[in-house]
Structure formats: C-alpha cells, structure tokens
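Colleague: Have a look at this one.
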Amino acid sequence: MTSPRVVRALLISAAVLAIAILFGLWSGYQHVTLQSLRTDPMTRALFFRVRMPRVALAALTGAALSIVGAALQALFRNPLAEPFTLGVSGGGALGASVAIAFGWGARAWGVPLVFVMSFGGAMLAVLVVYRIARTGVVVLPGALLLSGVIVNLIAASGVLILEYLTDPTRSLQILRWTVGSLDIVGFDMIWRMAVVLLPATVALLAFSRDLQLLAVDEDTAASLGVNVRRTEGAVYFLSSLLVGVTVAVGGTIGFVGLIVPHAVRLVFGQDLRLLMPASVLLGAAFLIFADTLARVAVSSTELPVGAVTALLGGPIFLWLLTRRQRSTAM
Amino acid sequence: MLEARDLWFSWQPGREVIRAASFTLERGRLGALIGANGSGKSTLLRLLSGVLSPNRGQALFDGISLHNIPARERARRIAWVPQSTPAAFPFTALEVVLTGRSPWSPRFHFENESDRAIAQEALETVGAGHLTNRPITELSGGERQMVTLARALAQKPECLLLDEPSAALDLKHRSALVRTLAGLRDRFGLTALVVTHDLQLIDPAFDRVFAMTCGHVVASGAPVEVLTSASLAAIFDDPNVRTARIGERTVVWSE
C-alpha cells in the first residue's frame with residue numbers, strides 16, 4: 001500500500017521536474033518559439049539535436065548522482081556522504097581519464113572503454129574509502145570523509161599526470177571533460193547511458209526500505225531482518241555503476257548528491273522510501289536548472305556546470321558540517 | 001524457549017570472547033545476564049538475536065537453530081535492543097518505532113494505520129508517548145533508550161533481548177522498565193533476557209539469573225541462588241561484594 005503522502009510528494013516532484021524540463025528547453029541565447037520550430041530547420045536542429053539531448057543528459061546525471069547521494073548517506077549513516085565527498089566521482093574520473101588517454105572510441109567487450117574504466121575507478125574508490133573508514137562494526141564518520149578527500153586528491157593527481165603524458169589533443173579532451181560539462185550533440189550517448197542508468201536506478205530504489213533501516217543503525221537493521229552485507233554490496237555496485245557512467249559522460253559534477261537529498265529531507269522528511277524516489281525526480285530537475293544557469297548566466301560564454309554545482313554545494317556542505325559539529329558538541 | 005548450546009565466537013582468530021556458553025531460558029520467563037565488563041554478555045546477546053553468527057555451537061529458539069529461521073521471520077519472533085542507538089538523521093521517535101513494523105510488512109509497502117497504532121501504543125507502554133514527533137537527535141540518552149525499547153515492542157516479538165536497557169534511565173524509568181517487562185511476561189507470556197549491571201533490578205521481578213565470566217556461563221539459577229556474596233565475589237572477582245535481603249529484594253553493593 002502506498003501512502004497518500006508519498007503520492008502527493010512524488011506528484012509535486014514530478015511537477016517541478018516538468019517545469020525544469022520546459023525551462024531548460026526554452027532557455028538559451030537562441031530564442032526558440034513554436035513558430036520558429038515549425039518553420040526554421042536551424043532552430044529545429046538546435047532544439048532537437050542540442051538542447052533536448054542536453055536537458056536529457058542533465059536529467060539522467062542529476063537523478064543518478066542524487067539517488068546515489070541519498071543511498072550512501074543512509075548506508076554510512078553520514079549526512080555529508082555523497083559521490084564527490086567520498087572520492088567515488090574522483091575514482092571514476094581517474095578511470096575515465098585513462099580511457100580517454102587511450103582514445104574516446106576505444107571499446108571493451110563492446111562497451112565504451114570510458115564507461116568500463118570509470119565504473120572500475122568508482123568501485124575501487126568506494127571500496128578503498130569503506131575499507132579505511134570501517135573498524136570492526138563501526139564506520140568512523142571523520143575517517144570516511146578524510147579518506148574520501150585523500151582518494152579525490154590521489155585521483156586528481158593521476159588525472160594531472162595523464163594530462164601531461166598524453167598528446168595535446170587528448171590532454172585537452174581530459175582537461176575539458178574533468179571540469180564537468182553536459183555539452184552533448186544527439187541522443188546516441190543518452191540511449192547508451194539510459195540502458196545502464198534506468199535499471200540501476202530502479203534496482204537501487206528496491207533497496208530503499210533496507211536503507212531506511214540501515215540509516216537508523218546497522219545492527220538494528222540486521223536484527224530487523226536486513227541482510228546487511230548483501231545490501232552493502234549491492235549499493236556499492238549500483239552506486240559505482242551510476243556514478244561511473246555519469247562521470248564518464250559529464251565529468252565530475254560535485255555536490256549534487258549532497259544538495260538534493262538534503263533539500264528533499266527539508267521538504268518531505270527523512271523516510272528513505274520517499275526520499276530516494278523524490279531525489280531522482282528533483283535531482284534531475286536541479287541539474288537541469290543548474291545547467292541552464294551555466295548556459296545563460298554569463299553572456300558570450302558558458303560556465304562549466306560542475307563549477308556552478310560546486311559554488312552552490314560547497315557552502316551547503318560547510319553549513320551541514322558546522323551543524324553536525326554543534327550537535328556533536330551538545 | 002531460548003537456548004545457547006555450546007556457543008563459541010571470536011572477532012579475531014584464536015581470541016574467543018564466547019567459549020562454550022550454554023544455558024536455557026524457558027518460554028515466558030524473565031532472565032538477567034550478569035557479569036564483569038568484557039565477560040561477553042553483549043556478544044552472547046547478539047549471537048542469540050541472530051545479528052552475529054557463532055563460530056561453533058547453536059543458538060536456538062523453540063528448539064530451532066536461528067540459522068534455520070529466515071531473517072524476517074526471526075525478526076517477527078525475536079527483538080533486540082542495543083546498548084545505544086546512534087542518531088545520524090533526525091528521524092522522529094515514531095519513525096524509529098515504525099521500523100519495528102518492517103518485518104511484518106511486504107517490501108514495497110508503507111506502514112498502515114494498524115502499524116501506526118501499534119507503534120503509538122508501544123511508545124505509550126514505555127512512557128514515551130510525549131516523544132512521538134520529536135527528532136531522535138534531540139533526545140537524551142535515556143529518552144532514546146525508551147524509543148529503542150518501544151521499537152522492539154512494536155515488533156510484537158515472542159522474545160525480547162535487551163542490552164543494558166536501564167543504563168541511561170533515571171530511577172523512575174528503571175522501575176517502570178522492570179514493571180513493563182514483568183507485565184508483558186505475565187499478560188502475553190513474553191520471554192526476555194536482559195543484560196544488566198544494575199543488580200538491584202533483578203530480585204524479585206526476574207525468574208532466572210545467568211552469570212558470565214570470560215565468555216562462559218558459570219552460574220545460573222533463581223535470583224536468590226545466584227545473587228549471594230560468595231557467588232558474586234567469584235563472578236566479579238571482587239571479595240568485597242556484599243548482599244542483603246530487604247523484604248523480597250536482594251540488595252547488592254561492594255565495600
């Protein structure tokens with residue numbers, strides 16, 4: 001049985017996403033009207049080949065990063081956890097950079113190498129961070145974030161070394177990609193991403209009840225019938241897959257997984273069974289808004305969307321950190 | 001019936017914290033598990049709850065090994081209350097108590113009105129009805145302990161395992177806790193095993209006392225049999241332990 005409260009919350013979130021999609025599609029330097037869409041082939045090409053794929057990419061990426069943020073926060077019982085702060089995005093970025101250094105077109109088992117390597121890097125990062133932070137049955141919050149920062153630094157150094165070692169064209173590709181951009185033409189890449197992201201998102205949503213219990217306490221969750229090790233393994237795998245694929249295409253876009261779940265909590269409450277699906281919808285909406293802002297904020301150029309989300313997310317992270325320290329001191 | 005049969009457990013190879021622990025607590029009885037710090041009481045309780053699996057031996061409920069009871073069915077029959085519940089997120093007390101209903105509801109269902117009524121009743125039973133909508137992060141240690149106990153009661157279990165449930169409670173709530181457990185035993189036949197350092201709580205409400213030393217159950221019996229100066233001096237390795245009977249109660253202190 002689904003609670004009316006949940007249905008209402010999801011309808012509101014879907015409405016916000018619909019507004020974001022319309023806003024993203026109709027905003028930009030090139031003014032698009034229904035009339036020009038009907039009569040001007042250039043406007044049609046711009047709308048269907050550039051703007052629409054870009055909005056779709058922002059939606060997929062924002063949804064994936066947000067649900068992973070919500071899941072990791074619950075799994076680690078840490079409100080500051082998200083793909084960027086835990087080094088998962090950094091690991092994915094290093095893996096993807098290695099793939100780009102081999103060339104964009106490279107494939108492994110028929111799958112773009114950049115996807116495979118990014119997923120591998122993300123998975124490796126989450127396992128390293130978890131291994132360092134966990135002592136016995138406890139995941140130390142400080143060690144978790146600190147090891148995430150260190151993994152990010154190591155990954156960033158690796159990316160830098162690759163930029164120096166590869167030829168100038170690929171080096172520029174890596175540099176442009178690392179700042180995070182949703183600049184894309186056509187739907188080819190979107191379909192490839194969707195094949196992975198949609199099933200992985202649904203699979204992660206299926207763990208929302210277990211994550212709700214884990215967010216309270218790990219041992220309590222086990223006593224309530226949750227298979228903790230299986231849930232952990234599945235969440236690591238699915239999170240790495242979601243982050244790996246989004247990083248491979250859009251680069252490291254930080255703090256989305258922090259901002260969106262906390263905003264959803266403020267509006268709809270703490271229940272992960274509502275928080276996770278609402279984060280999917282509102283995460284998609286948030287990144288569409290952020291990317292549109294990045295496109296239109298400065299005339300004559302476009303800001304990297306990763307810089308926009310970091311500018312918004314950084315202060316929120318610090319605010320949460322201060323609040324957490326105050327509550328610990330109480 | 002709750003039974004530990006030759007249980008062994010170690011966190012690290014070769015360093016057993018539970019060694020050949022065996023005891024039986026009959027259905028509908030209130031048992032206390034006592035012993036010095038580090039004697040293995042909490043670990044034994046976790047083994048009996050199914051949160052941990054033993055290296056050797058069996059933990060049984062009604063003659064069935066916990067290993068052979070599916071996790072969700074086990075959660076409907078046995079509830080475990082940890083020493084403390086950390087609070088990373090401001091779930092309300094009611095949301096925490098409602099997690100106790102999860103073993104009873106299908107995976108993709110939300111709790112219904114009946115579940116909410118059971119959760120609210122559990123909060124009232126432990127005297128925490130006024131905390132229903134308070135965030136758990138704003139509660140004191142004692143209040144959190146009451147909410148955690150309410151969560152366990154909301155599971156509607158046949159057996160309750162409580163790890164130092166009175167540690168953060170004031171005098172009034174300690175007595176209330178014992179009265180609640182005794183009342184649930186008398187009315188519903190609840191079986192409960194309580195790890196406690198609060199030896200004054202035990203007599204006369206509890207039916208059985210089990211004492212642990214170095215991971216082994218070294219004494220068991222009625223409170224008057226185990227709570228004696230000689231027995232407690234050996235259990236706690238303290239020759240200064242004294243006991244006295246005041247009415248129906250056994251009072252314990254160390255000089």
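Please note that chains go A, B, ... in the order of the structure tokens, that every chain numbers its residues from 1, and that ligands are numbered from 1 in the order shown.
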Would you give me, as a list in words, the residues of chain B that come within 7 Å of chain A, using only C-alpha atoms?

Modeller: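 On the chain B side, the interface is Ser49, Gly50, Val51, Ala71, Arg72, Ala75, Ala79, Trp80, Thr85, Pro86, Ala87, Ala88, Phe91, Thr99, Pro103, Arg107, His109 and Phe110 of chain B.
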
Colleague: Determine, counting only C-alpha atoms, which protein, DNA and RNA residues have an atom within 10 Å of an atom of Thr166 in chain A; residues of the same chain fewer than 5 positions away are not included. Present the result as a list in words.

Modeller: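 Returned residues: Val98, Ile100, Ala101, Phe102, Ile161, Ser171, Leu172 and Ile174 of chain A.
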
Colleague: Those same residues, written as a JSON list (two decimals), in the first residue's frame with C-alpha atoms?

Modeller:
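Generated file (result19.json):
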[["chain", "number", "residue", "atom", "x", "y", "z"],
["A", 98, "VAL", "CA", 42.85, 6.60, -18.51],
["A", 100, "ILE", "CA", 40.34, 8.97, -22.79],
["A", 101, "ALA", "CA", 44.13, 8.76, -22.89],
["A", 102, "PHE", "CA", 43.66, 5.55, -24.91],
["A", 161, "ILE", "CA", 49.84, 13.16, -14.75],
["A", 171, "SER", "CA", 45.15, 16.20, -22.89],
["A", 172, "LEU", "CA", 42.72, 18.97, -23.86],
["A", 174, "ILE", "CA", 40.69, 15.28, -20.48]]

Colleague: With only C-alpha atoms as the counted atoms, please give the residues lying no more than 10 Å from range 61-70 of chain B, apart from itself and same-chain residues fewer than 4 positions off, as a list in words.

Modeller: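 Counting only C-alpha atoms, the residues come to Gly225 of chain A; Met1, Leu2, Glu3, Ala4, Arg5, Thr24, Leu25, Glu26, Arg27, Leu47, Leu48, Ser49, Gly50, Ser53, Pro54, Gly57, Arg74, Ala75, Arg77, Ile78, Glu158 and Cys159 of chain B.
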
Colleague: If you run DSSP over the backbone, which residues in range 152-222 of chain B end up strand (DSSP E or B)? Put them as a ChimeraX atom specification.

Modeller: /B:159-163,191-195,208-213,216-221

Colleague: Using only C-alpha atoms, please write the residues we just selected to a file, as a PDB file, in the first residue's frame.

Modeller:
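That gives us again-v2.pdb:
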ATOM      1  CA  CYS B 159      11.241 -12.887  22.855  1.00  0.00           C
ATOM      2  CA  LEU B 160      12.995  -9.645  23.817  1.00  0.00           C
ATOM      3  CA  LEU B 161      16.769  -9.353  24.146  1.00  0.00           C
ATOM      4  CA  LEU B 162      17.848  -6.158  25.896  1.00  0.00           C
ATOM      5  CA  ASP B 163      21.433  -4.964  26.245  1.00  0.00           C
ATOM      6  CA  THR B 191      10.306 -14.244  27.150  1.00  0.00           C
ATOM      7  CA  ALA B 192      13.008 -11.640  27.886  1.00  0.00           C
ATOM      8  CA  LEU B 193      16.733 -11.783  28.509  1.00  0.00           C
ATOM      9  CA  VAL B 194      18.281  -8.604  29.904  1.00  0.00           C
ATOM     10  CA  VAL B 195      21.995  -7.842  30.121  1.00  0.00           C
ATOM     11  CA  ARG B 208      16.392 -16.581  36.292  1.00  0.00           C
ATOM     12  CA  VAL B 209      19.894 -15.149  36.505  1.00  0.00           C
ATOM     13  CA  PHE B 210      22.798 -16.257  34.296  1.00  0.00           C
ATOM     14  CA  ALA B 211      26.328 -15.167  35.185  1.00  0.00           C
ATOM     15  CA  MET B 212      29.217 -14.974  32.746  1.00  0.00           C
ATOM     16  CA  THR B 213      32.944 -14.998  33.262  1.00  0.00           C
ATOM     17  CA  HIS B 216      31.485 -18.797  29.712  1.00  0.00           C
ATOM     18  CA  VAL B 217      28.177 -19.116  31.606  1.00  0.00           C
ATOM     19  CA  VAL B 218      29.437 -20.042  35.057  1.00  0.00           C
ATOM     20  CA  ALA B 219      26.269 -19.835  37.142  1.00  0.00           C
ATOM     21  CA  SER B 220      22.535 -19.955  36.607  1.00  0.00           C
ATOM     22  CA  GLY B 221      19.518 -20.206  38.829  1.00  0.00           C
TER      23      GLY B 221
END

Colleague: Select, from A:Val149, A:Ile184, A:Ala284, A:Ile253, the residue with the minimum atom-to-atom distance to Pro304 in chain A, counting only C-alpha atoms.

Modeller: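 Among the listed residues, A:Ile253 lies closest to Pro304 in chain A.
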
Colleague: Give me the residues within 12 Å of Ala176 in chain B as a list of chain:residue names, counting only C-alpha atoms and dropping any in the same chain fewer than 3 places off.

Modeller: B:Glu124, B:Thr125, B:Val126, B:Gly127, B:Ala128, B:Met146, B:Pro165, B:Ser166, B:Leu169, B:Asp170, B:Leu171, B:Lys172, B:His173, B:Arg179, B:Thr180, B:Leu181, B:Ala182, B:Gly183, B:Leu201, B:Ala205

Colleague: Just how far from CA of Gly129 in chain B is CA of Glu111 in chain B, in Å to one decimal?

Modeller: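 One can read the CA of Glu111 in chain B to CA of Gly129 in chain B distance as 18.7 Å.
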
Colleague: Work out how far apart CA of Ala96 in chain A and CA of Ala81 in chain A are and give it in Å to one decimal.

Modeller: 22.1 Å

Colleague: Find the distance between CA of Pro239 in chain B and CA of Ala36 in chain B and write it in Å to one decimal.

Modeller: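 Distance between the two atoms: 13.5 Å.
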
Colleague: Out of A:Ser66, A:Thr178, A:Ser36, A:Thr85, which residue has the shortest atom-to-atom distance to Ala278 in chain A when counting only C-alpha atoms?

Modeller: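 Closest to Ala278 in chain A, using only C-alpha atoms: A:Ser66.
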
Colleague: When DSSP is applied to the backbone of this structure, which of range 132-244 of chain A are assigned helix (DSSP H, G or I)? Write them out as number ranges by chain.

Modeller: A: 132-133, 141-165, 168-178, 188-205, 208-216, 218-223, 228-244

Colleague: I'd like to know which of A:Thr201, A:Thr43, A:Thr169, A:Gln30 is closest to Ala64 in chain A, using only C-alpha atoms.

Modeller: A:Thr201

Colleague: For a quick check of understanding, using only C-alpha atoms, which of A:Gly121, A:Gly95, A:Gly283, A:Pro41 has the smallest distance to Ala20 in chain A?

Modeller: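 Comparing A:Gly121, A:Gly95, A:Gly283, A:Pro41 against Ala20 in chain A, the winner is A:Gly283.
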
Colleague: May I ask which of the residues B:Phe236, B:Phe9, B:Leu94, B:Pro204 is the closest one to Ala117 in chain B, counting only C-alpha atoms?

Modeller: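 The closest residue to Ala117 in chain B is B:Leu94.
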
Colleague: Pick out the residues sitting within 7 Å of range 51-53 of chain A, and hand them over as a list in words; count only C-alpha atoms, and ignore anything fewer than 2 positions along from it in its own chain.

Modeller: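 My list of contacting residues is Leu25, Leu46, Phe47, Phe48, Arg49, Val55, Ala56, Leu57, Ile184, Val185, Gly186 and Phe187 of chain A.
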